[in-house]
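See below for the structure under consideration.
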Amino acid sequence: MKDFKPEDIKVILATDCGSTTTKAILIEKKGEDYRLIVRGEAPTTVESPFEDVTMGVLNAVAEVEELSGRKILDEKGKIISPSNGDVGTDIYVSTSSAGGGLQMMVTGVVRSMTAESAERAALGAGAIVMDVIASNDKRLPHQQIERIRYLRPDMILLSGGIDGGTTTHVVELAELISAADPKPRLGTGYKLPVIYAGNKDAREAIRKTLDEKVDLDVVDNLRPVLERENLMPAREKIHDLFMEHVMAQAPGYRKLMGWTDAPIMPTPGAVGLIIKTIADMNQIEAVGVDIGGATTDIFSVFQGVFNRTVSANLGMSYSVSNVFAEAGLENVMRWVPFDLDERDLRNRVKNKMIRPTTIPQTIEELIFEQAIAKEALRLAFIQHKSFATVLKGIQQQRTIADAFEQTMGGLTLVNMMSLNMLIGSGGVLSHAPRRQQGALMLIDGFLPEGITRLAVDSIFMMPQLGVLTDVHPKAATQVFEKDCLIHLGTCIAPVGELKEPKEILRYSFDIPDGEKIEGTINYGQMKRIPLGLDEKTDLPQTCKAVLTPLRGFDLGEGKGSKVETEIHGGVNGIIIDGRGRPFVLPEDHKTRIQKLKEWMIALDIYPKEALERL
């Protein structure tokens, strides 16, 4: 990595080599602040006929040059550094998911303990976990060997046992890998990287078993004692090996690695890093989601613990039929405020699968697509909550109430009442025709509780900012706050339920222009209060709020307890969701359609005339 002082950096170039598109952004220091100047993109060139990823990078950078008027490339196509006036850049960083990203297998002795810790380490490093092999996963040894051979991962993470514990089982797992003699996915001229992060007493036996067959690296145990995870050494080693082995085999990456001033990072790992950085810097709890064509990634930081999950079968184009199959017809249709023939419905889903790049042409198609997105988000979040848990295998003192809750909730770390910020990314959220639609998809998909800020990534630059946090955290966080995020506003959702539409919340907002807005919300009602962005800073306006939930309803301070706090605005202002939690839509078909239209009109989700015509 180049040796530089952060204060000397005035111009930053960053790229993200995606599976289909390579995106480049240019950041410059304006006064004391770093701001996004322009963005360029070009098709990724990792596959034939080009087979050189740097061509796509140069094409995206050439677009940035054209748009910004800054000369970045010299006559030989090299990046000019350092900057001088309107020529060159001070640092260049990049992320990548081209060529399928980082694909891993993980192994552990007990599926719900060390194997799950290994999976968390791999997912947090930005990997797609192809399979988890455990001593107790009910597969016979020959089936496990066959699976390792067949999948051809980029690397394997081997874990098992606490330090000082029994070594037999983890050595048996190493013997399975040795018997499989796995070959890497890319290239044949090198051995498959295997990271051992298990019981330190088994290291010698592991080396004897695997040294000749694979490229073995040993790091600290990721579960040294039952009560504690130590995931960072394994995650850092995954990043290093991704650079050394996986990226080095992909066409043109060795050349690209010579250009960058920091190690190339897997795209999902970089997105996770920016969300973790923002949560840590602001001391908040955050959830981020990236909903793509084939997968939905969810990132969360609760109690300082970072988790990431990949729902590989929940996407908006290639795997849209999986969303439909998993959610079921009724769950998708419950969000649609008009009648639709079932056959017509299934045809729309199949059309989206075979023509994944099409965008909705009518209001009906748009509503239907956003209904599917709500279900994809809901299902992916259920998976995430079941994975983002406190450590299994630890005895805890519990009351009867705790025991019941833990059995039902699976000891999840996810607490919607303590969640401060929900950030959405991906085409269906970032490019929704109206920002209110993005906000409602997040609210209906995640059902936030209490007081939660909402935002979307405007042009999907979280990966580039994530890798930049390693080099220049100040620039990354400033651009993230001011240019990357579109602040949608704040959702206020009292927790509780009623059988009838009675008053559940009284509110009072002191708006910055001196106006005071007061009112009440009935159960089953939604309202929008205007509170926009500050014209000078582009950051959300804030206002003092006094919120008084009625008996039986909670906003975070206990049932019926008044909350006095500062509320952030955004392009949608303040959304008050009085539909209660847990949220249940009316069962009667006509009532449900009427309520959906009522909420959509209250929040100005779609044009009122269009909704009334449906």
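Identifiers in this document derive from the order of the structure tokens: chains are assigned A, B, ..., residues are numbered from 1 separately in each chain, and ligands are numbered from 1 in order of occurrence.
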Do you have, as a Markdown table, the list of residues of stretch 238-314 of chain A lying at most 12 Å from stretch 440-449 of chain A, each with its nearest atom pair and that distance in Å to one decimal, counting only C-alpha atoms and ordered by chain then number?
| residue | atom | partner | partner_atom | distance |
| --- | --- | --- | --- | --- |
| A:Ala286 | CA | A:Pro448 | CA | 11.4 |
| A:Val287 | CA | A:Phe446 | CA | 9.7 |
| A:Gly288 | CA | A:Leu442 | CA | 10.4 |
| A:Val289 | CA | A:Leu442 | CA | 9.3 |
| A:Asp290 | CA | A:Leu442 | CA | 11.5 |
| A:Ile291 | CA | A:Leu442 | CA | 11.2 |
| A:Ile298 | CA | A:Phe446 | CA | 11.2 |
>> Using DSSP assignments from the backbone, pull out every residue in stretch 364-550 of chain A that falls under alpha helix (DSSP H) and give it to me as a ChimeraX atom specification.
In response: /A:364-387,400-409,427-430,435-446,462-469,473-479
Write the selection just made, keeping C-alpha atoms, as a PDB file, in the first residue's frame?
ATOM      1  CA  GLU A 364     -50.120  -2.296 -12.130  1.00  0.00           C
ATOM      2  CA  GLU A 365     -46.749  -3.825 -13.068  1.00  0.00           C
ATOM      3  CA  LEU A 366     -44.922  -1.424 -10.731  1.00  0.00           C
ATOM      4  CA  ILE A 367     -47.202  -2.213  -7.757  1.00  0.00           C
ATOM      5  CA  PHE A 368     -46.839  -5.946  -8.437  1.00  0.00           C
ATOM      6  CA  GLU A 369     -43.013  -5.766  -8.664  1.00  0.00           C
ATOM      7  CA  GLN A 370     -42.822  -3.781  -5.418  1.00  0.00           C
ATOM      8  CA  ALA A 371     -45.119  -6.330  -3.724  1.00  0.00           C
ATOM      9  CA  ILE A 372     -42.636  -9.090  -4.658  1.00  0.00           C
ATOM     10  CA  ALA A 373     -39.775  -6.921  -3.334  1.00  0.00           C
ATOM     11  CA  LYS A 374     -41.539  -6.588   0.054  1.00  0.00           C
ATOM     12  CA  GLU A 375     -41.767 -10.381   0.302  1.00  0.00           C
ATOM     13  CA  ALA A 376     -38.114 -10.866  -0.774  1.00  0.00           C
ATOM     14  CA  LEU A 377     -37.025  -8.414   1.955  1.00  0.00           C
ATOM     15  CA  ARG A 378     -39.280 -10.067   4.559  1.00  0.00           C
ATOM     16  CA  LEU A 379     -38.027 -13.592   3.808  1.00  0.00           C
ATOM     17  CA  ALA A 380     -34.343 -12.548   3.647  1.00  0.00           C
ATOM     18  CA  PHE A 381     -34.716 -10.765   6.993  1.00  0.00           C
ATOM     19  CA  ILE A 382     -36.260 -13.874   8.608  1.00  0.00           C
ATOM     20  CA  GLN A 383     -33.172 -15.829   7.475  1.00  0.00           C
ATOM     21  CA  HIS A 384     -30.897 -13.081   8.799  1.00  0.00           C
ATOM     22  CA  LYS A 385     -32.572 -13.003  12.230  1.00  0.00           C
ATOM     23  CA  SER A 386     -32.160 -16.770  12.612  1.00  0.00           C
ATOM     24  CA  PHE A 387     -28.426 -16.452  11.822  1.00  0.00           C
ATOM     25  CA  ILE A 400     -39.248 -18.664  32.447  1.00  0.00           C
ATOM     26  CA  ALA A 401     -40.204 -15.657  30.259  1.00  0.00           C
ATOM     27  CA  ASP A 402     -36.667 -15.533  28.795  1.00  0.00           C
ATOM     28  CA  ALA A 403     -36.731 -19.251  28.119  1.00  0.00           C
ATOM     29  CA  PHE A 404     -39.980 -18.921  26.193  1.00  0.00           C
ATOM     30  CA  GLU A 405     -38.712 -15.933  24.195  1.00  0.00           C
ATOM     31  CA  GLN A 406     -35.409 -17.629  23.390  1.00  0.00           C
ATOM     32  CA  THR A 407     -37.150 -20.778  22.213  1.00  0.00           C
ATOM     33  CA  MET A 408     -39.457 -18.758  19.987  1.00  0.00           C
ATOM     34  CA  GLY A 409     -36.937 -16.175  18.811  1.00  0.00           C
ATOM     35  CA  GLY A 427     -32.349  -1.320  -8.201  1.00  0.00           C
ATOM     36  CA  VAL A 428     -35.886  -1.865  -6.908  1.00  0.00           C
ATOM     37  CA  LEU A 429     -35.214   0.387  -3.868  1.00  0.00           C
ATOM     38  CA  SER A 430     -32.704   2.916  -5.240  1.00  0.00           C
ATOM     39  CA  ARG A 435     -38.796   7.928  -3.008  1.00  0.00           C
ATOM     40  CA  GLN A 436     -41.959   7.218  -0.965  1.00  0.00           C
ATOM     41  CA  GLN A 437     -42.125   3.796  -2.669  1.00  0.00           C
ATOM     42  CA  GLY A 438     -38.630   2.911  -1.429  1.00  0.00           C
ATOM     43  CA  ALA A 439     -39.634   3.990   2.086  1.00  0.00           C
ATOM     44  CA  LEU A 440     -42.827   1.884   2.085  1.00  0.00           C
ATOM     45  CA  MET A 441     -40.988  -1.190   0.746  1.00  0.00           C
ATOM     46  CA  LEU A 442     -38.504  -0.903   3.644  1.00  0.00           C
ATOM     47  CA  ILE A 443     -41.303  -0.377   6.203  1.00  0.00           C
ATOM     48  CA  ASP A 444     -43.470  -3.257   4.927  1.00  0.00           C
ATOM     49  CA  GLY A 445     -40.511  -5.599   4.375  1.00  0.00           C
ATOM     50  CA  PHE A 446     -38.767  -5.031   7.734  1.00  0.00           C
ATOM     51  CA  MET A 462     -21.306   1.668  -0.876  1.00  0.00           C
ATOM     52  CA  PRO A 463     -18.688  -0.889  -2.088  1.00  0.00           C
ATOM     53  CA  GLN A 464     -16.207   1.810  -3.184  1.00  0.00           C
ATOM     54  CA  LEU A 465     -16.746   3.742   0.068  1.00  0.00           C
ATOM     55  CA  GLY A 466     -16.308   0.520   2.060  1.00  0.00           C
ATOM     56  CA  VAL A 467     -12.831  -0.176   0.691  1.00  0.00           C
ATOM     57  CA  LEU A 468     -12.024   3.543   1.111  1.00  0.00           C
ATOM     58  CA  THR A 469     -12.714   3.337   4.891  1.00  0.00           C
ATOM     59  CA  PRO A 473     -12.310   6.861   6.837  1.00  0.00           C
ATOM     60  CA  LYS A 474     -13.089  10.609   6.932  1.00  0.00           C
ATOM     61  CA  ALA A 475     -13.560  10.892   3.155  1.00  0.00           C
ATOM     62  CA  ALA A 476     -15.584   7.653   3.041  1.00  0.00           C
ATOM     63  CA  THR A 477     -17.982   8.673   5.819  1.00  0.00           C
ATOM     64  CA  GLN A 478     -18.454  12.251   4.541  1.00  0.00           C
ATOM     65  CA  VAL A 479     -19.349  11.088   1.029  1.00  0.00           C
TER      66      VAL A 479
END
> What is the atom CA of A:Lys10-atom CA of A:Ile72 distance in Å, reported with one decimal?
Replying inline: 13.7 Å
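Distance annotation: of A:Asp588, A:Asp261, A:Asp154, A:Asp344, the residue with the minimal separation from A:Ser81 is A:Asp261; atom set is only C-alpha atoms.
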>> Give me the residues near stretch 177-179 of chain A as a ChimeraX atom specification, where near means some atom within 9 Å (using only C-alpha atoms) and where sequence neighbours in that chain fewer than 3 positions away do not count.
In response: /A:144-145,148-149,172-174,182,209-210,212-214
Writer output for current selection, C-alpha atoms, as an mmCIF file, in the first residue's frame:
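Contents of part-v2.cif, freshly written:
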data_model
loop_
_atom_site.group_PDB
_atom_site.id
_atom_site.type_symbol
_atom_site.label_atom_id
_atom_site.label_comp_id
_atom_site.auth_asym_id
_atom_site.auth_seq_id
_atom_site.Cartn_x
_atom_site.Cartn_y
_atom_site.Cartn_z
ATOM 1 C CA GLN A 144 -19.127 -35.122 2.179
ATOM 2 C CA ILE A 145 -15.986 -35.974 0.126
ATOM 3 C CA ILE A 148 -16.103 -31.011 -1.640
ATOM 4 C CA ARG A 149 -14.874 -32.399 -4.976
ATOM 5 C CA GLU A 172 -11.265 -36.222 10.833
ATOM 6 C CA LEU A 173 -12.590 -33.173 8.937
ATOM 7 C CA ALA A 174 -9.057 -32.489 7.652
ATOM 8 C CA PRO A 182 -10.076 -30.526 -4.024
ATOM 9 C CA THR A 209 -2.796 -34.376 7.046
ATOM 10 C CA LEU A 210 -3.092 -31.452 4.631
ATOM 11 C CA GLU A 212 1.045 -31.848 0.756
ATOM 12 C CA LYS A 213 -2.451 -31.607 -0.725
ATOM 13 C CA VAL A 214 -3.432 -27.942 -0.206
#
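Atom pair atom CA of A:Lys392 / atom CA of A:Val305: separated by 15.0 Å.
With only C-alpha atoms as the atoms that count, the residue of A:Pro433, A:Phe50, A:Val301, A:Lys559 with the shortest distance to A:Gln361 is A:Pro433.
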Please report, as CSV, each residue of stretch 522-569 of chain A lying at most 9 Å from stretch 482-496 of chain A, together with the nearest pair of atoms and the separation in Å rounded to one decimal; use only C-alpha atoms, and order rows by chain and ascending residue number.
residue,atom,partner,partner_atom,distance
A:Leu531,CA,A:Gly489,CA,7.8
A:Gly532,CA,A:Gly489,CA,7.9
A:Leu533,CA,A:His487,CA,8.3
A:Thr537,CA,A:Lys482,CA,8.1
A:Asp538,CA,A:Lys482,CA,6.7
A:Leu539,CA,A:Lys482,CA,6.6
A:Pro540,CA,A:His487,CA,6.8
A:Pro549,CA,A:Pro494,CA,7.0
A:Gly552,CA,A:Gly496,CA,6.1
A:Phe553,CA,A:Gly496,CA,4.7
A:Asp554,CA,A:Val495,CA,5.0
A:Leu555,CA,A:Pro494,CA,5.1
A:Gly556,CA,A:Pro494,CA,8.5
A:Lys559,CA,A:Val495,CA,8.5
A:Ile567,CA,A:Thr490,CA,7.0
A:His568,CA,A:Thr490,CA,6.1
A:Gly569,CA,A:Gly489,CA,4.4
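Going from atom CA of A:Gly189 to atom CA of A:Gly77 covers 29.6 Å.
Minimum atom-to-atom distances from A:Val38, A:His589, A:Lys562, A:Thr452 to A:Ile575 were compared using only C-alpha atoms, and the lowest value belongs to A:Thr452.
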> Tell me, which residues of stretch 242-357 of chain A carry DSSP strand (DSSP E or B), written as a PyMOL selection string?
Replying inline: chain A and resi 265-266+286-291+296-302+305-311
